[in-house]
Amino acid sequence: MKRTKIYNGKIITPHRIIDGGCVVIEAGKIVEVSTTDITIDGVEAIDASGHYIAPGFIDIHVHGGAGHDFMDNDPDGFLEIARLHARFGTTAMMPTTLSSEQQDLLTTLAVYEKAHARNLHGATFVGLHIEGPYFSMQQRGAQDPRFIRDPVVAEYQEIIASSAHIKRWSAAPELKGALEFGRYLCERGILPSIAHTDAIYEEVLPAFEQGFRHATHFYSCMSGVSRRNAKRYAGVVESAYLLDAMTVEIIADGVHLPAPLLSLVLKIKGADRTALVTDAMRGTGLPPGPSILGSLRDGIAVIVEDDVAKLQDRSAFAGSVATMDRLVRNMVNMAGATLEDAVKMASLTPASIIGIHEQKGSIVAGKDADIVIFDKDIHILKTMVSGEVIYTKD
């Protein structure tokens, strides 16, 4: 049975940094975490050379990269996306769809099954995140308006019945039938998330009570304070702050949210309730220039510039081209987060939100050996999934 130890590094736990610690791995699991090096016969030893040893990053909202989008419905594209993001510290990811016709989505679910079985050299797939098409037209952002609609019972029931891998579904809670939709998701262990929404607090609260306990790409494509018939109403942003138990995710690329908002989210929601997500699209890992959001066959033409994807008329962002290591760096350098908190927001917190925290998200004995080693500037040197090294910087 293969045994590995990682030593001579700074181990980042959810609560502290262990300088000079050692992590012992056996059969893909962490079996021991020590404050000092451990002598073990016949073990494969990895010298961290004084660098940081951290839990692998978990991206619960990602659309693509390396020229591919999950909705291209190409199994090889799925694998290329997983390999690209592993280079930047992602060890687990939740492939995410966009608003589309029902048949396109059903095809994506079927392709996920094939790619999941073949994914041996990239970030692990930990379930599907369906984003749309049940959105507010006023808050659609870069979502294709041709496909946006209210929840359709027969449609979502068929979609859910087609795959056991759907773990999350983002929708606008103010739509007709949305509360029943959220309740249906919860009954099947699927997380309803609030997204692309124009809801006010009075609509968010009953949705939260029906299971909409998470906010997708917080601040992006969602309501804040608004006036209706001269009266002011709290929007989804204020609702997420008022509801302590609601979790949020932020695209901390420094473009979608500037430094003051990153700091505000951290100050109010904290690292335990805030996950970092890339929302990365196919242009991630490629030079700036023209790209496509969504499938090659039916997607929207966009432009990648200024470290972000935009609609061609520059009226809205169209996803990010960020990687998880960049998000962690930004939370430290722009938002003033401690390294421990920034790493937690990229690992244990997203794991908790999607219910895999017993297996992943922190360097603890018994959990999967999903580990990254990075330098003082949070540049990834090595990525390990289930105890196997899948990326080493040249």
# chains A, B, ... in the order shown; residues from 1 in each chain; ligands from 1
$ residues_around --residues "range 76-83 of chain A" --least-positions-apart "4" --cutoff "6 Å" --atoms "only C-alpha atoms" --output "mmCIF file with N, CA and C atoms, in the first residue's frame"
data_model
loop_
_atom_site.group_PDB
_atom_site.id
_atom_site.type_symbol
_atom_site.label_atom_id
_atom_site.label_comp_id
_atom_site.auth_asym_id
_atom_site.auth_seq_id
_atom_site.Cartn_x
_atom_site.Cartn_y
_atom_site.Cartn_z
ATOM 1 N N GLY A 64 -15.723 26.621 -17.348
ATOM 2 C CA GLY A 64 -14.800 26.124 -18.351
ATOM 3 C C GLY A 64 -13.392 26.635 -18.189
ATOM 4 N N GLY A 65 -12.629 26.527 -19.285
ATOM 5 C CA GLY A 65 -11.235 26.942 -19.312
ATOM 6 C C GLY A 65 -10.506 26.200 -20.422
ATOM 7 N N HIS A 68 -12.450 25.456 -23.555
ATOM 8 C CA HIS A 68 -13.593 24.546 -23.489
ATOM 9 C C HIS A 68 -14.635 25.074 -22.513
ATOM 10 N N PHE A 70 -18.171 23.444 -20.378
ATOM 11 C CA PHE A 70 -18.847 22.180 -20.087
ATOM 12 C C PHE A 70 -20.044 21.959 -21.012
ATOM 13 N N GLY A 122 -7.050 15.293 -13.330
ATOM 14 C CA GLY A 122 -7.435 16.676 -13.092
ATOM 15 C C GLY A 122 -8.209 16.816 -11.802
ATOM 16 N N ALA A 123 -8.744 17.996 -11.586
ATOM 17 C CA ALA A 123 -9.575 18.226 -10.415
ATOM 18 C C ALA A 123 -10.790 17.292 -10.452
#
$ closest_atom_pairs --of "range 81-177 of chain A" --to "range 197-208 of chain A" --cutoff "6 Å" --atoms "only C-alpha atoms" --output "Markdown table"
| residue | atom | partner | partner_atom | distance |
| --- | --- | --- | --- | --- |
| A:Ser136 | CA | A:Thr197 | CA | 5.2 |
| A:Gln139 | CA | A:Thr197 | CA | 5.7 |
| A:Ala172 | CA | A:Thr197 | CA | 4.7 |
| A:Glu174 | CA | A:Ala199 | CA | 5.5 |
$ closest_residue --among "A:His214, A:Lys10, A:His196, A:Arg118" --to "Ile354 in chain A" --atoms "only C-alpha atoms"
A:His214
$ closest_atom_pairs --of "range 292-384 of chain A" --to "range 146-165 of chain A" --cutoff "12 Å" --atoms "only C-alpha atoms" --output "JSON lines"
{"residue": "A:Asp298", "atom": "CA", "partner": "A:Arg146", "partner_atom": "CA", "distance": 10.8}
{"residue": "A:Gly299", "atom": "CA", "partner": "A:Arg146", "partner_atom": "CA", "distance": 11.1}
{"residue": "A:Ile300", "atom": "CA", "partner": "A:Arg146", "partner_atom": "CA", "distance": 11.1}
$ select_by_dssp --residues "range 21-267 of chain A" --states "alpha helix (DSSP H)" --output "PyMOL selection string"
chain A and resi 75-86+102-118+153-162+178-187+201-209+236-242+259-267
$ residues_around --residues "Asp72 in chain A" --least-positions-apart "6" --cutoff "8 Å" --atoms "only C-alpha atoms" --output "JSON, numbers by chain"
{"A": [108, 294, 295, 296, 297]}
$ write_last_selection --atoms "N, CA and C atoms" --output "compact mmCIF listing (two decimals), in the first residue's frame"
# COMPACT_ATOMS: atom_id res chain seq x y z
N THR A 108 -25.73 17.53 -21.50
CA THR A 108 -24.61 17.86 -20.62
C THR A 108 -24.57 16.90 -19.43
N GLY A 294 -20.73 29.86 -23.07
CA GLY A 294 -21.65 28.78 -23.35
C GLY A 294 -21.10 27.88 -24.43
N SER A 295 -21.98 27.13 -25.06
CA SER A 295 -21.53 26.13 -26.03
C SER A 295 -21.03 26.77 -27.32
N LEU A 296 -20.14 26.07 -27.99
CA LEU A 296 -19.64 26.55 -29.28
C LEU A 296 -20.77 26.62 -30.30
N ARG A 297 -21.73 25.74 -30.17
CA ARG A 297 -22.83 25.69 -31.13
C ARG A 297 -23.84 26.81 -30.92
$ residues_around --residues "Ala316 in chain A" --least-positions-apart "4" --cutoff "8 Å" --atoms "only C-alpha atoms" --output "ChimeraX atom specification"
/A:141-142,310-311
$ select_by_dssp --residues "range 110-205 of chain A" --states "strand (DSSP E or B)" --output "list of chain:residue names"
A:Thr124, A:Phe125, A:Leu128, A:His129, A:Ile130, A:Glu131, A:Ile166, A:Lys167, A:Arg168, A:Trp169, A:Ser170, A:Ala171, A:Leu191, A:Pro192, A:Ser193, A:Ile194, A:Thr197, A:Ile200
$ closest_residue --among "A:Ile390, A:Ile25, A:Val237, A:Val277" --to "Val225 in chain A" --atoms "only C-alpha atoms"
A:Val237
$ closest_residue --among "A:Ala346, A:Met384, A:Ile251, A:Ala171" --to "Leu120 in chain A" --atoms "only C-alpha atoms"
A:Met384
$ closest_residue --among "A:Asp47, A:Glu249, A:Asp370, A:Asp377" --to "Val389 in chain A" --atoms "only C-alpha atoms"
A:Asp370
$ residues_around --residues "range 264-266 of chain A" --least-positions-apart "4" --cutoff "10 Å" --atoms "only C-alpha atoms" --output "ChimeraX atom specification"
/A:218-219,241,248-250,259-260,270-274,331,335-337,341-342,345
$ write_last_selection --atoms "N, CA and C atoms" --output "PDB file, in the first residue's frame"
ATOM      1  N   PHE A 218     -22.401  36.410  -5.310  1.00  0.00           N
ATOM      2  CA  PHE A 218     -22.951  37.497  -4.501  1.00  0.00           C
ATOM      3  C   PHE A 218     -22.605  38.864  -5.097  1.00  0.00           C
ATOM      4  N   TYR A 219     -23.590  39.751  -5.117  1.00  0.00           N
ATOM      5  CA  TYR A 219     -23.564  41.089  -5.702  1.00  0.00           C
ATOM      6  C   TYR A 219     -23.776  41.058  -7.216  1.00  0.00           C
ATOM      7  N   TYR A 241     -27.068  39.610   4.120  1.00  0.00           N
ATOM      8  CA  TYR A 241     -26.406  40.130   5.310  1.00  0.00           C
ATOM      9  C   TYR A 241     -27.284  39.954   6.547  1.00  0.00           C
ATOM     10  N   VAL A 248     -22.754  32.696   1.115  1.00  0.00           N
ATOM     11  CA  VAL A 248     -22.582  33.411  -0.146  1.00  0.00           C
ATOM     12  C   VAL A 248     -21.310  32.922  -0.826  1.00  0.00           C
ATOM     13  N   GLU A 249     -21.218  33.197  -2.113  1.00  0.00           N
ATOM     14  CA  GLU A 249     -19.979  32.947  -2.844  1.00  0.00           C
ATOM     15  C   GLU A 249     -19.620  34.226  -3.589  1.00  0.00           C
ATOM     16  N   ILE A 250     -18.343  34.499  -3.718  1.00  0.00           N
ATOM     17  CA  ILE A 250     -17.899  35.714  -4.394  1.00  0.00           C
ATOM     18  C   ILE A 250     -16.835  35.390  -5.436  1.00  0.00           C
ATOM     19  N   ALA A 259     -11.982  45.911  -4.149  1.00  0.00           N
ATOM     20  CA  ALA A 259     -11.441  45.630  -2.817  1.00  0.00           C
ATOM     21  C   ALA A 259     -12.391  46.009  -1.680  1.00  0.00           C
ATOM     22  N   PRO A 260     -13.047  47.193  -1.695  1.00  0.00           N
ATOM     23  CA  PRO A 260     -13.934  47.531  -0.567  1.00  0.00           C
ATOM     24  C   PRO A 260     -15.076  46.535  -0.382  1.00  0.00           C
ATOM     25  N   GLY A 270     -18.020  36.755   6.978  1.00  0.00           N
ATOM     26  CA  GLY A 270     -16.940  35.976   7.555  1.00  0.00           C
ATOM     27  C   GLY A 270     -16.505  34.820   6.674  1.00  0.00           C
ATOM     28  N   ALA A 271     -15.371  34.242   7.012  1.00  0.00           N
ATOM     29  CA  ALA A 271     -14.793  33.169   6.202  1.00  0.00           C
ATOM     30  C   ALA A 271     -15.604  31.881   6.262  1.00  0.00           C
ATOM     31  N   ASP A 272     -16.366  31.679   7.326  1.00  0.00           N
ATOM     32  CA  ASP A 272     -17.149  30.452   7.451  1.00  0.00           C
ATOM     33  C   ASP A 272     -18.405  30.463   6.598  1.00  0.00           C
ATOM     34  N   ARG A 273     -18.828  31.641   6.137  1.00  0.00           N
ATOM     35  CA  ARG A 273     -20.063  31.756   5.349  1.00  0.00           C
ATOM     36  C   ARG A 273     -19.804  32.268   3.935  1.00  0.00           C
ATOM     37  N   THR A 274     -18.535  32.418   3.569  1.00  0.00           N
ATOM     38  CA  THR A 274     -18.197  32.971   2.265  1.00  0.00           C
ATOM     39  C   THR A 274     -17.259  32.028   1.513  1.00  0.00           C
ATOM     40  N   MET A 331      -7.859  37.885  -1.840  1.00  0.00           N
ATOM     41  CA  MET A 331      -8.461  38.043  -0.512  1.00  0.00           C
ATOM     42  C   MET A 331      -7.418  38.460   0.515  1.00  0.00           C
ATOM     43  N   ALA A 335      -8.297  42.318   0.294  1.00  0.00           N
ATOM     44  CA  ALA A 335      -9.339  42.364   1.326  1.00  0.00           C
ATOM     45  C   ALA A 335      -8.797  42.271   2.735  1.00  0.00           C
ATOM     46  N   GLY A 336      -7.489  42.020   2.871  1.00  0.00           N
ATOM     47  CA  GLY A 336      -6.891  41.966   4.206  1.00  0.00           C
ATOM     48  C   GLY A 336      -7.202  40.704   4.980  1.00  0.00           C
ATOM     49  N   ALA A 337      -7.613  39.630   4.291  1.00  0.00           N
ATOM     50  CA  ALA A 337      -7.880  38.367   4.974  1.00  0.00           C
ATOM     51  C   ALA A 337      -6.579  37.729   5.433  1.00  0.00           C
ATOM     52  N   ASP A 341      -7.789  32.268   6.668  1.00  0.00           N
ATOM     53  CA  ASP A 341      -9.175  32.519   6.270  1.00  0.00           C
ATOM     54  C   ASP A 341      -9.347  32.462   4.757  1.00  0.00           C
ATOM     55  N   ALA A 342      -8.387  33.011   4.026  1.00  0.00           N
ATOM     56  CA  ALA A 342      -8.484  32.988   2.566  1.00  0.00           C
ATOM     57  C   ALA A 342      -8.486  31.553   2.048  1.00  0.00           C
ATOM     58  N   MET A 345     -11.823  29.864   2.778  1.00  0.00           N
ATOM     59  CA  MET A 345     -12.861  30.289   1.844  1.00  0.00           C
ATOM     60  C   MET A 345     -12.748  29.562   0.511  1.00  0.00           C
TER      61      MET A 345
END
$ residues_around --residues "Ala318 in chain A" --least-positions-apart "4" --cutoff "10 Å" --atoms "only C-alpha atoms" --output "list of chain:residue names"
A:Gly141, A:Ala142, A:Gln143, A:Asp279, A:Ala280, A:Met281, A:Ile292, A:Leu293, A:Gly294, A:Ile300, A:Ala301, A:Val302, A:Ile303, A:Val304, A:Val308, A:Ala309, A:Lys310, A:Leu311, A:Gln312, A:Arg314
$ closest_residue --among "A:Gly28, A:Glu131, A:Ala54, A:Gly20" --to "Met1 in chain A" --atoms "only C-alpha atoms"
A:Gly28
$ closest_residue --among "A:Ala230, A:Ile166, A:Ala365, A:Val62" --to "Ser320 in chain A" --atoms "only C-alpha atoms"
A:Val62
$ residues_around --residues "Ile378 in chain A" --least-positions-apart "5" --cutoff "9 Å" --atoms "only C-alpha atoms" --output "list in words"
Tyr52, Asp325, Arg326, Val328, Arg329 and Ile373 of chain A
